[in-house]
Structure formats: structure tokens, C-alpha cells
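Source file run_39.txt; content: compact mmCIF, C-alpha atoms.
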# COMPACT_ATOMS: atom_id res chain seq x y z
CA MET A 1 36.23 -112.34 -8.90
CA SER A 2 37.94 -109.37 -10.51
CA GLU A 3 37.07 -105.75 -9.79
CA PHE A 4 37.47 -102.79 -12.09
CA PRO A 5 40.03 -100.18 -11.02
CA SER A 6 38.14 -97.12 -9.82
CA GLY A 7 39.19 -95.09 -12.84
CA ASP A 8 37.69 -97.67 -15.20
CA LEU A 9 34.27 -97.99 -13.63
CA PRO A 10 31.46 -97.92 -16.19
CA ASP A 11 29.68 -94.56 -16.34
CA ARG A 12 26.40 -96.14 -15.31
CA PHE A 13 28.00 -97.52 -12.15
CA ALA A 14 29.37 -94.10 -11.23
CA GLN A 15 25.86 -92.66 -11.55
CA LEU A 16 24.33 -94.95 -8.93
CA PRO A 17 22.84 -93.12 -5.92
CA SER A 18 25.49 -92.41 -3.29
CA SER A 19 23.57 -94.44 -0.69
CA LEU A 20 23.92 -97.48 -2.98
CA HIS A 21 27.29 -96.71 -4.54
CA GLU A 22 29.21 -97.20 -1.29
CA HIS A 23 27.76 -100.70 -0.95
CA ALA A 24 28.26 -101.74 -4.60
CA LYS A 25 31.07 -103.23 -6.66
CA SER A 26 31.42 -103.61 -10.41
CA VAL A 27 33.13 -106.93 -11.14
CA ARG A 28 33.67 -109.73 -13.64
CA LEU A 29 32.41 -113.14 -12.58
CA GLY A 30 32.49 -116.61 -14.07
CA ASN A 31 33.68 -116.39 -17.65
CA ALA A 32 34.24 -112.61 -17.42
CA VAL A 33 30.53 -111.79 -17.12
CA PRO A 34 30.00 -108.13 -16.07
CA ALA A 35 28.17 -108.05 -12.74
CA LEU A 36 26.97 -105.50 -10.23
CA LEU A 37 27.25 -106.68 -6.63
CA VAL A 38 25.45 -104.97 -3.76
CA HIS A 39 25.85 -106.09 -0.14
CA PRO A 40 24.40 -104.68 3.10
CA ASN A 41 27.77 -104.64 4.91
CA TRP A 42 30.34 -106.81 3.07
CA GLU A 43 31.11 -108.60 6.31
CA GLN A 44 28.32 -110.95 7.38
CA PRO A 45 26.62 -113.61 5.21
CA ALA A 46 23.52 -112.25 3.53
CA PRO A 47 20.76 -113.89 1.49
CA THR A 48 21.32 -113.06 -2.15
CA VAL A 49 19.21 -112.49 -5.25
CA PHE A 50 20.58 -113.23 -8.70
CA TRP A 51 18.85 -110.70 -10.97
CA MET A 52 18.61 -110.28 -14.74
CA HIS A 53 17.38 -107.19 -16.58
CA GLY A 54 15.21 -106.99 -19.69
CA ARG A 55 16.06 -106.65 -23.36
CA THR A 56 17.87 -103.48 -24.55
CA VAL A 57 18.85 -102.24 -21.06
CA HIS A 58 21.56 -103.06 -18.50
CA LYS A 59 22.22 -104.25 -14.95
CA GLU A 60 22.47 -100.77 -13.40
CA LEU A 61 18.88 -99.98 -14.39
CA ASP A 62 16.45 -99.41 -11.53
CA PRO A 63 18.87 -99.00 -8.61
CA GLY A 64 15.92 -98.49 -6.27
CA ARG A 65 15.35 -102.24 -6.47
CA TYR A 66 18.84 -103.02 -5.14
CA LEU A 67 18.61 -100.28 -2.54
CA ARG A 68 15.43 -101.76 -1.10
CA TRP A 69 16.96 -105.23 -0.97
CA MET A 70 20.10 -103.89 0.71
CA ARG A 71 18.08 -102.10 3.39
CA ALA A 72 16.19 -105.35 3.99
CA GLY A 73 19.48 -107.18 4.55
CA ILE A 74 19.52 -108.84 1.12
CA ALA A 75 22.49 -108.81 -1.25
CA ALA A 76 22.23 -108.61 -5.04
CA CYS A 77 24.16 -110.03 -7.96
CA ALA A 78 22.94 -108.52 -11.22
CA ILE A 79 24.54 -109.37 -14.55
CA ASP A 80 24.56 -107.77 -17.98
CA LEU A 81 22.82 -110.18 -20.34
CA PRO A 82 24.84 -111.40 -23.33
CA GLY A 83 25.15 -108.65 -25.92
CA HIS A 84 23.88 -106.00 -23.46
CA GLY A 85 25.36 -103.37 -21.17
CA GLU A 86 29.14 -103.55 -20.93
CA ARG A 87 29.23 -106.28 -23.56
CA LEU A 88 26.92 -104.60 -26.04
CA GLU A 89 26.93 -106.23 -29.48
CA ALA A 90 25.17 -105.11 -32.62
CA GLY A 91 21.97 -107.05 -33.15
CA ARG A 92 21.95 -108.84 -29.77
CA THR A 93 19.33 -106.49 -28.30
CA GLU A 94 16.88 -107.10 -31.16
CA PRO A 95 13.78 -109.27 -30.52
CA THR A 96 14.96 -111.76 -33.12
CA ALA A 97 18.06 -112.47 -31.00
CA SER A 98 16.16 -113.28 -27.79
CA PRO A 99 16.33 -117.12 -27.91
CA GLY A 100 20.09 -116.98 -28.43
CA VAL A 101 20.52 -114.53 -25.56
CA ILE A 102 18.46 -116.80 -23.30
CA ALA A 103 20.55 -119.84 -24.24
CA GLU A 104 23.85 -118.09 -23.63
CA ALA A 105 22.74 -116.57 -20.33
CA LEU A 106 21.58 -119.99 -19.11
CA SER A 107 25.09 -121.33 -19.72
CA GLU A 108 26.58 -118.53 -17.59
CA ILE A 109 24.44 -118.45 -14.45
CA ASP A 110 26.05 -121.31 -12.53
CA GLY A 111 29.60 -120.09 -13.24
CA VAL A 112 28.76 -116.60 -12.01
CA ILE A 113 27.23 -117.91 -8.79
CA GLU A 114 30.12 -120.31 -8.24
CA SER A 115 32.59 -117.42 -8.37
CA LEU A 116 30.72 -115.37 -5.76
CA ASP A 117 32.40 -115.05 -2.39
CA GLY A 118 30.53 -117.65 -0.36
CA VAL A 119 31.46 -115.95 2.90
CA VAL A 120 29.31 -112.85 2.39
CA PHE A 121 26.96 -114.12 -0.31
CA ASP A 122 24.96 -116.95 1.27
CA LYS A 123 24.47 -119.50 -1.50
CA ASP A 124 22.13 -121.53 0.71
CA ARG A 125 19.73 -118.59 0.82
CA MET A 126 19.70 -117.53 -2.80
CA GLY A 127 16.85 -116.33 -4.96
CA ILE A 128 16.64 -115.70 -8.69
CA GLY A 129 14.59 -113.32 -10.76
CA GLY A 130 14.33 -111.07 -13.73
CA MET A 131 12.25 -108.65 -15.72
CA SER A 132 10.92 -109.45 -19.22
CA LEU A 133 13.75 -111.27 -21.06
CA GLY A 134 15.58 -111.73 -17.76
CA GLY A 135 12.47 -113.32 -16.31
CA MET A 136 12.25 -115.75 -19.23
CA ILE A 137 15.81 -116.84 -18.47
CA ALA A 138 15.05 -117.22 -14.76
CA LEU A 139 11.96 -119.35 -15.41
CA ARG A 140 13.83 -121.62 -17.80
CA ARG A 141 16.73 -122.00 -15.33
CA LEU A 142 14.27 -123.22 -12.70
CA CYS A 143 13.39 -126.18 -14.93
CA ASP A 144 16.81 -127.75 -14.31
CA PRO A 145 18.41 -128.82 -10.98
CA HIS A 146 19.27 -125.81 -8.83
CA ARG A 147 19.72 -124.51 -5.27
CA PHE A 148 17.47 -121.44 -5.46
CA LYS A 149 15.05 -121.02 -2.58
CA ALA A 150 12.69 -118.49 -4.20
CA ALA A 151 12.07 -116.66 -7.49
CA ALA A 152 10.42 -113.42 -8.54
CA VAL A 153 9.70 -112.32 -12.09
CA GLU A 154 7.93 -109.35 -13.64
CA GLY A 155 6.49 -108.51 -17.06
CA THR A 156 7.51 -111.89 -18.45
CA THR A 157 6.38 -115.40 -19.31
CA GLY A 158 7.72 -118.92 -19.41
CA ASP A 159 5.63 -119.89 -22.45
CA LEU A 160 7.68 -118.65 -25.37
CA SER A 161 5.81 -120.64 -28.01
CA ARG A 162 2.56 -118.91 -27.10
CA LEU A 163 4.30 -115.53 -26.77
CA TYR A 164 5.60 -115.80 -30.31
CA SER A 165 2.12 -116.50 -31.69
CA ALA A 166 -0.33 -113.74 -32.59
CA ARG A 167 -3.49 -114.70 -30.77
CA ASP A 168 -2.83 -112.97 -27.45
CA PHE A 169 -1.87 -109.56 -28.81
CA GLY A 170 -4.46 -106.84 -29.11
CA THR A 171 -4.77 -104.60 -32.13
CA ASP A 172 -2.61 -101.95 -30.43
CA GLY A 173 0.10 -104.44 -29.46
CA PRO A 174 3.31 -105.22 -31.36
CA ALA A 175 3.32 -107.98 -33.91
CA PRO A 176 4.89 -111.16 -32.51
CA ILE A 177 8.39 -111.94 -33.71
CA PRO A 178 8.60 -115.28 -35.54
CA HIS A 179 11.27 -117.72 -34.38
CA ASP A 180 12.38 -121.15 -35.54
CA ASP A 181 10.76 -123.65 -33.17
CA ALA A 182 13.95 -125.71 -33.10
CA VAL A 183 15.68 -122.69 -31.56
CA VAL A 184 12.85 -121.85 -29.16
CA GLU A 185 12.19 -125.34 -27.77
CA PRO A 186 15.40 -125.72 -25.70
CA VAL A 187 14.86 -122.36 -23.95
CA ASP A 188 11.07 -122.58 -23.55
CA ALA A 189 10.26 -123.21 -19.88
CA ALA A 190 6.73 -124.35 -20.69
CA ARG A 191 8.15 -127.40 -22.46
CA HIS A 192 10.51 -128.37 -19.63
CA LEU A 193 8.24 -128.10 -16.59
CA THR A 194 8.79 -131.68 -15.43
CA GLY A 195 12.02 -130.43 -13.87
CA PHE A 196 10.48 -127.34 -12.26
CA LYS A 197 11.07 -127.81 -8.51
CA PRO A 198 8.30 -126.22 -6.41
CA ILE A 199 9.65 -123.15 -4.61
CA PRO A 200 8.02 -119.84 -3.65
CA LEU A 201 7.41 -117.87 -6.86
CA LEU A 202 6.18 -114.28 -7.20
CA ALA A 203 4.88 -112.97 -10.53
CA LEU A 204 4.24 -109.24 -11.05
CA HIS A 205 2.48 -108.08 -14.22
CA SER A 206 0.38 -105.36 -15.80
CA GLU A 207 -2.85 -106.84 -17.12
CA THR A 208 -2.62 -104.56 -20.17
CA ASP A 209 1.05 -105.31 -20.97
CA ARG A 210 1.41 -104.83 -24.73
CA THR A 211 4.79 -106.57 -25.00
CA VAL A 212 4.19 -109.71 -22.94
CA PRO A 213 0.40 -110.15 -22.71
CA TRP A 214 -0.87 -111.10 -19.28
CA ALA A 215 -2.92 -113.92 -20.80
CA VAL A 216 0.30 -115.64 -21.87
CA GLN A 217 1.85 -115.48 -18.41
CA ALA A 218 -1.43 -116.40 -16.69
CA GLY A 219 -1.60 -119.52 -18.82
CA PHE A 220 1.98 -120.41 -17.98
CA LEU A 221 1.40 -119.95 -14.25
CA ALA A 222 -1.59 -122.29 -14.49
CA MET A 223 0.77 -124.93 -15.90
CA VAL A 224 3.23 -124.31 -13.07
CA ARG A 225 0.45 -124.74 -10.50
CA GLU A 226 -0.39 -128.09 -12.07
CA ARG A 227 3.27 -129.01 -11.83
CA TYR A 228 3.32 -128.11 -8.12
CA GLN A 229 0.21 -130.18 -7.48
CA SER A 230 1.64 -133.19 -9.30
CA ALA A 231 4.77 -132.89 -7.16
CA GLY A 232 2.68 -132.82 -3.97
CA ALA A 233 3.43 -129.15 -3.31
CA ASP A 234 1.03 -126.38 -2.35
CA PRO A 235 0.09 -124.27 -5.42
CA SER A 236 -0.24 -121.28 -3.08
CA LEU A 237 3.57 -121.12 -3.17
CA ILE A 238 2.90 -119.20 -6.40
CA GLU A 239 1.95 -115.62 -5.61
CA VAL A 240 0.60 -113.22 -8.23
CA LYS A 241 0.19 -109.46 -8.11
CA THR A 242 -1.22 -107.62 -11.14
CA TRP A 243 -2.49 -104.14 -11.94
CA PRO A 244 -5.22 -103.38 -14.51
CA GLU A 245 -3.25 -100.41 -15.83
CA THR A 246 -0.07 -98.70 -14.60
CA GLY A 247 0.80 -95.91 -17.03
CA ALA A 248 4.20 -97.44 -17.80
CA PRO A 249 5.48 -97.36 -21.42
CA TYR A 250 3.62 -100.09 -23.31
CA GLU A 251 2.44 -101.17 -19.84
CA HIS A 252 5.68 -103.16 -19.80
CA ALA A 253 8.71 -101.09 -18.82
CA GLY A 254 8.30 -100.97 -15.06
CA PHE A 255 5.01 -100.41 -13.32
CA GLY A 256 4.50 -96.69 -13.77
CA ARG A 257 2.72 -95.10 -10.85
CA PHE A 258 2.71 -98.48 -9.09
CA SER A 259 6.48 -98.92 -9.33
CA ASN A 260 6.98 -98.33 -5.62
CA ASP A 261 4.26 -100.85 -4.75
CA ALA A 262 5.80 -103.46 -7.04
CA LYS A 263 9.31 -103.04 -5.65
CA ASN A 264 8.09 -103.13 -2.07
CA ALA A 265 6.07 -106.29 -2.73
CA GLN A 266 9.07 -107.95 -4.32
CA THR A 267 11.39 -106.93 -1.48
CA GLU A 268 8.97 -108.25 1.14
CA PHE A 269 8.65 -111.51 -0.79
CA PHE A 270 12.41 -112.08 -0.82
CA ARG A 271 12.76 -110.96 2.79
CA ARG A 272 10.15 -113.50 3.83
CA THR A 273 11.28 -116.41 1.67
CA LEU A 274 15.07 -116.04 1.96
CA ARG A 275 15.38 -114.99 5.60

Could you render the structure from this file as C-alpha cells?
Amino acid sequence: MSEFPSGDLPDRFAQLPSSLHEHAKSVRLGNAVPALLVHPNWEQPAPTVFWMHGRTVHKELDPGRYLRWMRAGIAACAIDLPGHGERLEAGRTEPTASPGVIAEALSEIDGVIESLDGVVFDKDRMGIGGMSLGGMIALRRLCDPHRFKAAAVEGTTGDLSRLYSARDFGTDGPAPIPHDDAVVEPVDAARHLTGFKPIPLLALHSETDRTVPWAVQAGFLAMVRERYQSAGADPSLIEVKTWPETGAPYEHAGFGRFSNDAKNAQTEFFRRTLR
């Protein structure tokens, strides 16, 4: 794990709230993946959440999320997705690039976690999650063997084939972006659910999301419940919290006036399932 010298810290890192900044480190993990680490005390083992942001943004977004986790005794490891944040590349933040970003991020997750300091980041009490594109990556990662104990996603779906069709978008929603099915299939969680190990899963969503329609995610969660039942697990391990309307941009970027409620619900979920 390599840290940036203080003079080379990314501007976004320097702008973190002071209450979070003193508990955070900007590092490179795995194959030089930029990561933001937050730990309650940097001394004792803490349950940890591996978090991934959405398309077009970066890992320092929404520091209130990490601050809540830290105060609950939970550490965070948040990465910049391929082509985003500190490794911004032209064209990689476009919707057309999403399947490739998912595939590359999936190849990086295990290496990043392996390079975490196992003394203070408890890998036996680790969760995973993400928002929008980051949530798609998290859901696909859960279809392969893993050690995660819980997962939380927001404003996302694991059914990419349905997302990229037109039938679930209203007249005021964006047109779906066409993708080659041969590229989508390997990263589409809905088509790899036989490997989805039943663990506690929290899904947060706006019912009027105009970027990832709630109907698409609701359908995916129904498939996951069937998977849990077939594996002899309790479908109630899947928890869902939605809001009819939040006031957020496109009802997708955060949860508007319910942002505090969403973050608190997510923090309590991880506190309960990881501790």
C-alpha cells in the first residue's frame, strides 16, 4: 500500500471535512488503483466496507457516508472506478463505456482488498456496495466466490439487459444506451445468479428514478429472492427501502431531501450485519 506525499494529495482529498480528513488516507492499492481509506482509529481491527461510486464522479464524493460509517466503528475502502477520478480518461465516463468499466473494475477488486492492511481492516467482516454503476459492479461481483458478509446498493440494478432496453423508461426518461450483448453478458449479474451466495443485501432506490428505473431493479431483486429460496436461505435477508419521490436530480443522484434517511439506513444496516 503506497500513500501520496502530503504535498501531492488530490485536491478533492484535501477538501474533505476536517472531522473525516484526520481519519483518512489517499493511497494506491492492488495494481495502483487510487483508493480512499477511512478508519475509526487506525489501531484496532474494524469491519470494512468496499465502496464504489457512480458514473462520472469520484471516490471522494459524499463524504458524509464515510463519516457516518466511521462514527459507527466501520472502516471504508473506496476506489476510483477505471477511467474516473484520479485516473480520468476521455470517453470512459460515457454511458457507452459502462460494460468495459464494469469488467475492468471486477478484475481489480480482489487485488485491492488483498493489499489492505489486515490488522486494522478486518477482512472477515467486510461488506461491499456501490451507487449506480458502482452498484452494478458490486452485484456482479457477488455472483462469483467471495468473502463478503453483507452488501448495500443504491440507485442501481443487476439486470443490465433489461436496463438497456426501452420498455421501462417513461417518456421523460433518457433513451437507453444500446450495447452489444456479447459485451454485456459477462458483466450482467442477472445472467450469473447461480453463483450468488445468500448474504444480507440492502437496496435503496427512488421509485421515480429516471436513469435506472425502479421496475428494473425490482425485477432483479425478485430473481435474487428466488435464488435465495433455491439455496435454502431466507429471502428476508434482502431488505428494500424506496421513496416515491426525493427531489434529487433525475431522481437518481442521491436521495434529495431523504439523503440523511438513506445514509442512516445504510449505516445501520452495515453496523448490524458486519458487527

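Our summary of the geometry notes that atom CA of Pro47 of chain A is positioned 15.7 Å from atom CA of Ile199 of chain A.
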
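For Phe255 of chain A, the set of protein, DNA and RNA residues having any atom at most 10 Å away, when counting all atoms listed in the file and skipping those fewer than 5 positions along the same chain, is Glu154, Gly155, Leu204, His205, Ser206, Asp209, Thr242, Trp243, Glu245, Thr246, Gly247, Ala248, Pro249, Asn260, Asp261, Ala262 and Lys263 of chain A.
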
Would you mind listing what lies within 12 Å of Glu268 of chain A as a list in words, with all atoms listed in the file counted and same-chain residues fewer than 2 positions away left out?
Arg65, Arg68, Trp69, Met70, Arg71, Ala72, Gly73, Ile74, Ala152, Leu202, Asp261, Ala262, Lys263, Asn264, Ala265, Gln266, Phe270, Arg271, Arg272, Thr273, Leu274 and Arg275 of chain A

Tell me which protein, DNA and RNA residues are within 12 Å of Thr194 of chain A, counting all atoms listed in the file, leaving out same-chain ones fewer than 3 positions away, and put them as a ChimeraX atom specification.
/A:140,142-145,189-191,197-198,223-231

What's the 12 Å shell around segment 29-35 of chain A, counting only C-alpha atoms, without same-chain residues fewer than 4 positions away, as a ChimeraX atom specification?
/A:1-4,9-10,13,24-25,50-53,58-60,76-88,104-105,107-117

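Nearest-residue note for Ala253 of chain A: choosing from A:Thr96, A:Ser132, A:Ser26, A:Thr48, the minimum distance belongs to A:Ser132, counting all atoms listed in the file.
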
Selected residue of minimal separation from Ala90 of chain A among A:Thr56, A:Gln44, A:Thr267, A:Thr211, counting only C-alpha atoms
A:Thr56
